[in-house]
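Since the structure comes first, as structure tokens, the remarks are kept for the end.
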Amino acid sequence: MWRLSAFLRRCITTSPSRHRKKDSLFIIHPDVKEALADHRPVVALESTIITHGMPYPHNLSTAKEVEAIVRAEGAIPATIGILEGSIHVGLSSDELDFLAQSKMALKVSRRDLPYVICKGLSGGTTVSGTMIAAHKAGIPVFVTGGIGGVHRDGENSLDVSADLTELGRTPIAVVSAGVKSILDIGRTLEFLETQGVCVATYGDSKSFPAFFSQQSGFTSPYHVSSPQEAADLIASTLSLGLQNGLLLAIPIPEEHAATGQQIEDAIQTAVKEASSKGVTGRDVTPFILQRVNELTNGKSLQANIALIQNNSKVGSQIACALSKHKEKSGGNFRGDIKTRKSKDQRIDSNTVIVIGGINVDFIAKGTTKKLVFGQTNPGSVCQSFGGVGRNIADCLSRLGHKPLFISAIGKDSHSDAVLNYCKHMDTSAVARLQDQRTATYCAVITESGELSLGLGDMDIHQQIQEQYVSQFEDQLASASLVVLDGNIPVSTIDYVCHIAKKHAVPVWFEPTDADKACKPFLSESWKALSYTSPNLAELCTMNHTLGLPTPTELPRSLEDILGCVPALSRPLLEHLNCVVVTLGALGVMVCGEHDAGTVHLQPQKQKLKGRLCAVHYPALAMSSKETVNVSGAGDSFAGAMMVGILQGLDTDSCVRMGLLAARTSLVSPHPIDPSLTADAIHPEKSHSQLWSKPSCVWIED
């Protein structure tokens, strides 16, 4: 065994990376994350009202007052905003202050999100932008002042707010004071009807409110008179799985509605001024609101604040009622994602559960030494069925440990073929979603079998949400192993890790790719993991996300790689039982607590106490001509290694089972070789001459 200090000085940067955990794409505030994991009510709040809706300091004081109202009603506020290119769900007091005083903050709708994020900019999220973030975080109720709509003369200008189309495609309940009165309310309601959005007024009347006024002259199709009725309507909307939102219109309180006519007169004046001055697009609303406030001597601002506070109070009551409704219904609103499992099916306390993606794969392999982009290359194309979660569940099933596989597919031409191919697996928890596409993946590989290019249409994986997975909480709590792949949403990973930690269930995280490897490490969820199986790039991402030093560039020589891997694995082993780093043609390196010359693999309920080591197992020799498909080798390795751990085998046997399974995958056109059996990878039945002697190094503290 050799020591690593010299290598560390060469390989690892001496100062932490500039990009830390806070710079991640999607950051959920700890209070919000904890509330979601515990199934407590959370209310999403927008931030354009802070950045563009009110002057400072009224914007800041209103934001804090609204959050206080939400808390007083028993819910957790989650103000959503963009800070330096990161989407924040829940803001600290300092972050609220930053947005309130920022002169450079942008107004961020759906179309703006990619640009603002890639440029590392900051901004307030509109109704549209907030709905997207809230939905991804798993928050079903969003409170705002008023939504956008069809602008006056919109039939000619085609100026229609993205809020309306977002309501037509994002399943969130939006609680507002109706439509802003500067808009064409009649056409807005017609547009919402076209988008299939259910609209209901909150109260005893169907009269649709006009922001500052209780009445607009138009009516809603429906009305609800209590938080419970509103919660029932939301639950019904979500359970249908139609992928569109719901608008609940809350009239302004009576005591503030008296000034409505004065404000309406001021609005007409401001609209004419905006037109004469050439104010257009997204600048119209802030201009008019500012002028109306001036013309009414601040009365419109007072009314604006009052209605937002009232919306927050009512919206929080609805969120609390919805949370109670969810408890009574067993935690599932997604009627379109019902399982085919019988109600009286008993829970198998020795169940393995896999949660992850399922894809239809198209593998294109070139037959020339070099692929030339921009032209047609000779080669072969074949279709197979993949997805990291599916591959691992497939491997486990073929090796005698049929797991419960939780995933999602569309109701399209691919879904029946997928389920037919996977009939040897337990797919009873695979959701079939209307109006969604089954994930597809196309891999272009070279003659030698290396991946040259990959393209994926995998949006459906974001539908594997905590609300759906939570209906399997009893199975999760009693499982012998839970496997997560990096395709699923962050909020789902957080939820599963919370349950696993609570019930001491081992969790294996398969990162999927370098971009997704960060997901458990965006919060404290990673501390609930027992195993992870990254490649070197994914391992760097994990360290990078934790704000730890990483290599300036990935090492290439075997010597440098075998020095770098233990150093990067060391921080993770503070909480994980084992880090299994896949190295492609160079084999694997298993890092963990030393035990009789190798790593102790079996789950341990107590924190590691022994000395840490890393063991390198060379890969089995193969020629490039033998390699048919590289898309499932890592998943085959992980699945077979899991089987060895579940059977209580020694570390060498577990790893060798994995290496043998990986080899069968490489020579098969399918990610998981259909001929894979337990006998085929049994370490005692394989030829001893296949195995090179593993090497072990100590991992320094």
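Within each chain, counting starts at residue 1; across the structure tokens, chains are named A, B, ... in the order shown, with ligands numbered 1 upward in that order.
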Any chance you could tabulate, as a tab-separated table, the residues of region 461-520 of chain A at most 12 Å from region 110-134 of chain A with each one's nearest atom pair and distance in Å to one decimal, using only C-alpha atoms, in chain and rising number order?
```
residue	atom	partner	partner_atom	distance
A:Gln462	CA	A:Ile132	CA	11.6
A:Pro489	CA	A:Ala133	CA	11.7
A:Val490	CA	A:Ala133	CA	11.8
A:Ser491	CA	A:Ala134	CA	10.7
```
Discussion item. At a cut-off of 10 Å, using only C-alpha atoms, what residues contact region 83-99 of chain A? Leave out same-chain residues fewer than 3 positions from it and give the result as a ChimeraX atom specification.
Written reply: /A:22-33,43-48,50-52,56-57,59-61,63-64,76-80,102-106,113-125,129-130,133-134,136-137,139
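Restricting the calculation to only C-alpha atoms, the smallest distance between Ser213 (chain A) and any of A:Ile493, A:Leu536, A:Val179, A:Ala37 is found for A:Val179.
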Fill in: Neighbour list for region 668-671 of chain A as a ChimeraX atom specification, cut-off 9 Å, only C-alpha atoms, skip fewer than 5 positions in-chain
/A:361,363,382-387,391,627-633,635-636,663
Go ahead and save the residues from that selection, with N, CA and C atoms, as a PDB file, in the first residue's frame.
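Everything below was put into again-v7.pdb:
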```
ATOM      1  N   ASP A 361     -34.128   3.236 -26.309  1.00  0.00           N
ATOM      2  CA  ASP A 361     -32.787   3.583 -26.787  1.00  0.00           C
ATOM      3  C   ASP A 361     -32.615   3.254 -28.261  1.00  0.00           C
ATOM      4  N   ILE A 363     -29.370   2.895 -30.669  1.00  0.00           N
ATOM      5  CA  ILE A 363     -27.909   2.830 -30.642  1.00  0.00           C
ATOM      6  C   ILE A 363     -27.382   2.802 -32.078  1.00  0.00           C
ATOM      7  N   CYS A 382     -29.726   0.112 -34.017  1.00  0.00           N
ATOM      8  CA  CYS A 382     -30.656  -0.846 -33.424  1.00  0.00           C
ATOM      9  C   CYS A 382     -31.423  -0.181 -32.286  1.00  0.00           C
ATOM     10  N   GLN A 383     -32.598  -0.709 -32.012  1.00  0.00           N
ATOM     11  CA  GLN A 383     -33.440  -0.198 -30.926  1.00  0.00           C
ATOM     12  C   GLN A 383     -33.384  -1.147 -29.740  1.00  0.00           C
ATOM     13  N   SER A 384     -33.331  -0.577 -28.552  1.00  0.00           N
ATOM     14  CA  SER A 384     -33.391  -1.382 -27.332  1.00  0.00           C
ATOM     15  C   SER A 384     -34.099  -0.556 -26.271  1.00  0.00           C
ATOM     16  N   PHE A 385     -34.202  -1.104 -25.079  1.00  0.00           N
ATOM     17  CA  PHE A 385     -34.901  -0.420 -23.995  1.00  0.00           C
ATOM     18  C   PHE A 385     -33.930  -0.202 -22.854  1.00  0.00           C
ATOM     19  N   GLY A 386     -33.810   1.049 -22.433  1.00  0.00           N
ATOM     20  CA  GLY A 386     -32.830   1.393 -21.416  1.00  0.00           C
ATOM     21  C   GLY A 386     -33.388   2.335 -20.369  1.00  0.00           C
ATOM     22  N   GLY A 387     -32.542   3.279 -19.961  1.00  0.00           N
ATOM     23  CA  GLY A 387     -32.838   4.108 -18.800  1.00  0.00           C
ATOM     24  C   GLY A 387     -32.112   3.515 -17.613  1.00  0.00           C
ATOM     25  N   ASN A 391     -32.566  -0.190 -16.352  1.00  0.00           N
ATOM     26  CA  ASN A 391     -31.467  -1.148 -16.536  1.00  0.00           C
ATOM     27  C   ASN A 391     -31.130  -1.868 -15.239  1.00  0.00           C
ATOM     28  N   THR A 627     -16.943  -5.209 -28.499  1.00  0.00           N
ATOM     29  CA  THR A 627     -17.862  -4.268 -27.877  1.00  0.00           C
ATOM     30  C   THR A 627     -18.966  -3.872 -28.848  1.00  0.00           C
ATOM     31  N   VAL A 628     -20.197  -4.142 -28.452  1.00  0.00           N
ATOM     32  CA  VAL A 628     -21.363  -3.823 -29.273  1.00  0.00           C
ATOM     33  C   VAL A 628     -22.098  -2.607 -28.729  1.00  0.00           C
ATOM     34  N   ASN A 629     -22.200  -2.504 -27.408  1.00  0.00           N
ATOM     35  CA  ASN A 629     -23.045  -1.480 -26.787  1.00  0.00           C
ATOM     36  C   ASN A 629     -22.464  -1.113 -25.427  1.00  0.00           C
ATOM     37  N   VAL A 630     -22.212   0.186 -25.210  1.00  0.00           N
ATOM     38  CA  VAL A 630     -21.629   0.623 -23.935  1.00  0.00           C
ATOM     39  C   VAL A 630     -22.667   1.232 -23.002  1.00  0.00           C
ATOM     40  N   SER A 631     -23.937   1.285 -23.437  1.00  0.00           N
ATOM     41  CA  SER A 631     -24.926   2.062 -22.683  1.00  0.00           C
ATOM     42  C   SER A 631     -25.357   1.420 -21.373  1.00  0.00           C
ATOM     43  N   GLY A 632     -25.142   0.103 -21.207  1.00  0.00           N
ATOM     44  CA  GLY A 632     -25.645  -0.533 -19.998  1.00  0.00           C
ATOM     45  C   GLY A 632     -24.603  -1.214 -19.142  1.00  0.00           C
ATOM     46  N   ALA A 633     -23.315  -1.066 -19.512  1.00  0.00           N
ATOM     47  CA  ALA A 633     -22.276  -1.792 -18.774  1.00  0.00           C
ATOM     48  C   ALA A 633     -22.208  -1.354 -17.317  1.00  0.00           C
ATOM     49  N   ASP A 635     -24.543   0.038 -15.511  1.00  0.00           N
ATOM     50  CA  ASP A 635     -25.761  -0.367 -14.802  1.00  0.00           C
ATOM     51  C   ASP A 635     -25.750  -1.865 -14.508  1.00  0.00           C
ATOM     52  N   SER A 636     -25.236  -2.655 -15.454  1.00  0.00           N
ATOM     53  CA  SER A 636     -25.106  -4.102 -15.206  1.00  0.00           C
ATOM     54  C   SER A 636     -24.153  -4.353 -14.048  1.00  0.00           C
ATOM     55  N   ARG A 663     -19.407  -7.206 -18.615  1.00  0.00           N
ATOM     56  CA  ARG A 663     -18.883  -7.778 -19.854  1.00  0.00           C
ATOM     57  C   ARG A 663     -20.006  -8.344 -20.714  1.00  0.00           C
TER      58      ARG A 663
END
```
Discussion item. Which residue is closest to Ala177 (chain A)? Choose from A:Val354, A:Ile672, A:Leu307, A:Val284 and count only C-alpha atoms.
Written reply: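 Ranked by minimum distance to Ala177 (chain A), first place goes to A:Leu307.
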Fill in: Nearest to His498 (chain A), chosen from A:Ala528, A:Ile147, A:Ala249, A:Ala274, with only C-alpha atoms counted in the distances
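With only C-alpha atoms as the atom set, the closest residue is A:Ala528.
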